[in-house]
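See below for the structure under consideration.
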Amino acid sequence: MTSTRWQLAGACRGAADAEIFFPVGEGPTAQQQTTTAKAICRTCPVTEQCLTWALNRGEDTGVWGGLDERERRSIHRRRARAGDLPAPAPRTPASVLADRSAPATHGHTTWVGSSPVTIKGVTYTPAQLAWHVAYGDTPEGALTISCGHSGCITPEHLLDAEGRRRMHGTDAAYQAHHRRGEPPCTACTAAHNATTTERAAITTTERSAA
């Protein structure tokens, strides 16, 4: 089972609040979140894979495989003294994206795990990370999803400010306005109306031919 596949089988994916696996601080609330997260881990069918992955990747925050960061550090220290701790794999944008993304139907891609992520001092949202790996640069402005699939991070389905400008004045841009919950602009509305009229004319012609 690949890292992506075992993550999809994790009991944490069914948790109402995934943030409990990444408690902040050491106060009573954080301690309760850790206890709750570990209880969910005890019901998980992939606890062993999860812990092995976290140890090998050097995950230093959160509850993984039923252990918090202090418990994992203790394992690292014991293994280091014994000389049998494998060196963590280099953590790069591409490796993190490969580990924490999963293909969905119709070319969509979903994110698996916590977000955002910090790699070598740079913090990315899942969409920003996918964009960076695909295009090697930083998007202009905020990224929006053009396919309508909530949470999709397929690079070809993402638009930055430049991409939105190129798409402006089309029916697709009109639909994107609606997905973002904003009133469509005049140019996009005109394009949508023209497309609707064209489709209606084609339908009428097809019915007449039948």
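Chain labels follow the order of the structure tokens: the first chain is A, the next B, and so on; residue numbering restarts at 1 in every chain, and ligands are counted from 1 in their shown order.
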- [ ] Pick out each residue of chain A that DSSP on the backbone tags as strand (DSSP E or B); I need them as a VMD selection string.
- [x] chain A and resid 64 67 101 to 103 109 to 111 117 to 119 122 to 124 144 to 145 158 to 159
Task: stretch 43-50 of chain A surroundings by only C-alpha atoms, 7 Å radius, close-in-sequence under 4 positions cut, as number ranges by chain - done: A: 6, 9-11, 54, 64-66
For the residues selected in the previous step, produce a file with all heavy atoms as a JSON list (two decimals), in the first residue's frame.
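Wrote selection.json, looks like this:
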[["chain", "number", "residue", "atom", "x", "y", "z"],
["A", 6, "TRP", "N", -2.54, 4.29, 2.13],
["A", 6, "TRP", "CA", -2.79, 4.02, 3.54],
["A", 6, "TRP", "C", -3.41, 5.24, 4.22],
["A", 6, "TRP", "O", -4.22, 5.11, 5.12],
["A", 6, "TRP", "CB", -1.56, 3.50, 4.26],
["A", 6, "TRP", "CG", -0.41, 4.45, 4.50],
["A", 6, "TRP", "CD1", 0.80, 4.44, 3.87],
["A", 6, "TRP", "CD2", -0.35, 5.53, 5.44],
["A", 6, "TRP", "NE1", 1.59, 5.44, 4.35],
["A", 6, "TRP", "CE2", 0.92, 6.12, 5.33],
["A", 6, "TRP", "CE3", -1.24, 6.05, 6.38],
["A", 6, "TRP", "CZ2", 1.32, 7.22, 6.10],
["A", 6, "TRP", "CZ3", -0.85, 7.13, 7.16],
["A", 6, "TRP", "CH2", 0.41, 7.71, 7.01],
["A", 9, "ALA", "N", -7.03, 5.21, 3.97],
["A", 9, "ALA", "CA", -7.68, 4.22, 4.83],
["A", 9, "ALA", "C", -7.67, 4.63, 6.30],
["A", 9, "ALA", "O", -8.24, 3.93, 7.13],
["A", 9, "ALA", "CB", -7.01, 2.86, 4.66],
["A", 10, "GLY", "N", -7.02, 5.74, 6.63],
["A", 10, "GLY", "CA", -6.88, 6.15, 8.02],
["A", 10, "GLY", "C", -8.20, 6.51, 8.69],
["A", 10, "GLY", "O", -9.07, 7.13, 8.08],
["A", 11, "ALA", "N", -8.33, 6.12, 9.95],
["A", 11, "ALA", "CA", -9.54, 6.46, 10.71],
["A", 11, "ALA", "C", -9.68, 7.96, 10.90],
["A", 11, "ALA", "O", -10.78, 8.47, 11.07],
["A", 11, "ALA", "CB", -9.51, 5.76, 12.07],
["A", 54, "ALA", "N", 5.65, 8.55, 9.60],
["A", 54, "ALA", "CA", 5.97, 9.76, 10.36],
["A", 54, "ALA", "C", 7.41, 9.73, 10.86],
["A", 54, "ALA", "O", 8.11, 10.75, 10.82],
["A", 54, "ALA", "CB", 5.00, 9.92, 11.52],
["A", 64, "TRP", "N", 0.66, 11.01, 15.14],
["A", 64, "TRP", "CA", 0.76, 10.09, 14.00],
["A", 64, "TRP", "C", 0.95, 8.68, 14.55],
["A", 64, "TRP", "O", 1.76, 8.46, 15.45],
["A", 64, "TRP", "CB", 1.97, 10.43, 13.12],
["A", 64, "TRP", "CG", 1.89, 11.76, 12.45],
["A", 64, "TRP", "CD1", 2.22, 12.98, 12.99],
["A", 64, "TRP", "CD2", 1.46, 12.02, 11.12],
["A", 64, "TRP", "NE1", 2.02, 13.97, 12.08],
["A", 64, "TRP", "CE2", 1.56, 13.43, 10.91],
["A", 64, "TRP", "CE3", 1.02, 11.21, 10.07],
["A", 64, "TRP", "CZ2", 1.21, 14.02, 9.72],
["A", 64, "TRP", "CZ3", 0.68, 11.82, 8.87],
["A", 64, "TRP", "CH2", 0.77, 13.21, 8.69],
["A", 65, "GLY", "N", 0.21, 7.73, 14.02],
["A", 65, "GLY", "CA", 0.36, 6.35, 14.46],
["A", 65, "GLY", "C", 0.11, 6.15, 15.95],
["A", 65, "GLY", "O", 0.65, 5.25, 16.57],
["A", 66, "GLY", "N", -0.71, 7.01, 16.53],
["A", 66, "GLY", "CA", -1.05, 6.89, 17.94],
["A", 66, "GLY", "C", -0.04, 7.50, 18.89],
["A", 66, "GLY", "O", -0.21, 7.40, 20.11]]
- [ ] Work out how far apart atom CA of A:Ala102 and atom CA of A:Thr61 are and give it in Å to one decimal.
- [x]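 Between atom CA of A:Ala102 and atom CA of A:Thr61 the gap works out to 21.9 Å.
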TODO: Pick out each residue of stretch 12-193 of chain A that DSSP on the backbone tags as helix (DSSP H, G or I); I need them as a ChimeraX atom specification.
DONE: /A:12-14,18-21,28-41,47-57,69-82,93-100,105-107,126-135,155-157,161-167,171-179,186-193
Per-residue nearest contacts of stretch 68-184 of chain A to stretch 190-202 of chain A (7 Å; only C-alpha atoms) as a Markdown table:
| residue | atom | partner | partner_atom | distance |
| --- | --- | --- | --- | --- |
| A:Gly169 | CA | A:Ala191 | CA | 5.9 |
| A:Thr170 | CA | A:Ala191 | CA | 5.1 |
| A:Asp171 | CA | A:His192 | CA | 4.5 |
| A:Tyr174 | CA | A:His192 | CA | 6.3 |
Would you put the residues from that selection into a file with C-alpha atoms, as a PDB file, in the first residue's frame?
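part.pdb, written as the output of this step:
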ATOM      1  CA  GLY A 169     -15.259  37.372 -20.823  1.00  0.00           C
ATOM      2  CA  THR A 170     -16.096  33.692 -21.342  1.00  0.00           C
ATOM      3  CA  ASP A 171     -18.901  31.412 -20.208  1.00  0.00           C
ATOM      4  CA  TYR A 174     -19.208  33.404 -15.728  1.00  0.00           C
TER       5      TYR A 174
END
Open item on the list: Could you tell me how far atom CA of A:Glu206 sits from atom CA of A:Gly148, in Å to one decimal place?
Closed with: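 So the two atoms, atom CA of A:Gly148 and atom CA of A:Glu206, lie 29.1 Å apart.
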Task: atom CA of A:Arg180 to atom CA of A:Ile119, distance in Å rounded to a single decimal - done: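 Atom CA of A:Arg180 sits 29.1 Å away from atom CA of A:Ile119.
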Task: Nearest candidate to A:Val117 (options A:Arg77, A:His157, A:Arg5, A:Arg100; using only C-alpha atoms) - done: A:Arg100
Task: Close residues, A:Thr36 itself excluded, 10 Å, only C-alpha atoms, min 6 positions apart in chain, as a list in words - done: Ile20, Phe21 and Ala30 of chain A
Given the selection you just returned, output its residues as a file containing N, CA, C and O atoms, formatted as a tab-separated table (two decimals), in the first residue's frame.
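selection_23.tsv, freshly written:
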chain	number	residue	atom	x	y	z
A	20	ILE	N	-7.80	18.13	15.65
A	20	ILE	CA	-7.44	17.53	16.95
A	20	ILE	C	-6.15	16.74	16.85
A	20	ILE	O	-5.50	16.49	17.86
A	21	PHE	N	-5.76	16.34	15.64
A	21	PHE	CA	-4.51	15.60	15.47
A	21	PHE	C	-3.30	16.52	15.46
A	21	PHE	O	-2.16	16.05	15.42
A	30	ALA	N	-5.14	21.33	24.54
A	30	ALA	CA	-4.23	20.55	23.69
A	30	ALA	C	-4.11	19.12	24.20
A	30	ALA	O	-4.08	18.16	23.42
